[in-house]
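Here's the structure we're looking at; comments come further down.
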Protein chains: 2
Amino acid sequence: MKKRFAGELLLVIYDISDDKLRQRVADFLKSKGFTRVQKSAFVGRSLPAIKVEVEAGLRRLIKGQQGVNIQIYPIPPSSFNRRVVIGEFLFEDSGGVEVF
Amino acid sequence: MKKRFAGELLLVIYDISDDKLRQRVADFLKSKGFTRVQKSAFVGRSLPAIKVEVEAGLRRLIKGQQGVNIQIYPIPPSSFNRRVVIGEFLFEDSGGVEVF
């Protein structure tokens with residue numbers, strides 16, 4: 001199955017030192033329908049409601065925590081479709097990603 | 001100083017388990033004029049020559065190595081300028097980044 005995105009996407013990359021918090025962030029992004037593309041990177045659709053929820057949810061999750069940096073890039077689908085991947089996918093749930 | 005990009009950019013994100021190799025990748029991206037935006041993420045201008053050099057250089061660096069995933073996203077300047085940053089910058093050379 002070839003999965004293609006239409007409309008703006010959000011690329012979320014994070015640098016979180018605490019294992020549990022990092023896992024909570026990953027779980028949260030999955031719950032919002034985001035797809036893991038790297039150990040600490042997810043991509044999802046940037047519908048207006050999702051955008052607000054994701055940003056607010058991430059701020060809530062990391063509130064008062066140290067050692068956290070999260071960046072959300074709004075990108076066009078072409079940025080995703082033209083990305084270059086070097087090396088191997090290193091996370092368990094990578095099965096579905098290579099066919100994007 | 002407000003630094004603004006014109007023309008396409010490359011956002012490079014990587015997941016590299018070996019400390020020395022990770023450092024070599026960071027040094028290589030810096031040598032190509034890229035700016036660190038997160039511990040394992042750099043942004044730089046996507047001039048045609050640079051694009052080719054960066055991709056070829058990264059492939060050369062990780063050749064034969066395990067535990068490496070590098071992704072290069074071509075993004076418009078607006079993706080960078082509209083990015084949302086949550087939390088703090090966690091690397092030493094972050095001084096110049098917050099004023100992008």
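Lettering and numbering for the structure tokens are positional, with chains as A, B, ... in the shown order, residues counted from 1 in each chain, and ligands counted from 1 in the shown order.
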
Tell me the residues of chain B close to chain A, meaning within 10 Å using only C-alpha atoms, as JSON, numbers by chain. {"B": [10, 11, 12, 13, 14, 15, 16, 17, 37, 38, 39, 40, 41, 55, 58, 59, 62, 63, 64, 65, 66, 67, 68, 69, 70, 71, 72, 73, 74, 75, 76, 77, 78, 79, 80, 81, 82, 83, 84, 85, 86, 87, 88, 89, 90]}

Mind the document's chain letters and residue numbers, and return as a VMD selection string the residues of chain A that DSSP labels strand (DSSP E). chain A and resid 9 to 16 35 to 38 41 to 45 68 to 75 84 to 87

Select, from B:Asp19, B:Ser31, B:Glu8, B:Ala26, the residue with the minimum atom-to-atom distance to B:Glu53, counting only C-alpha atoms.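 Of the candidates, the smallest distance to B:Glu53 is held by B:Ser31.
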
Could you write out, as a count of residues only, all the residues of chain A that DSSP marks as alpha helix (DSSP H)? 33
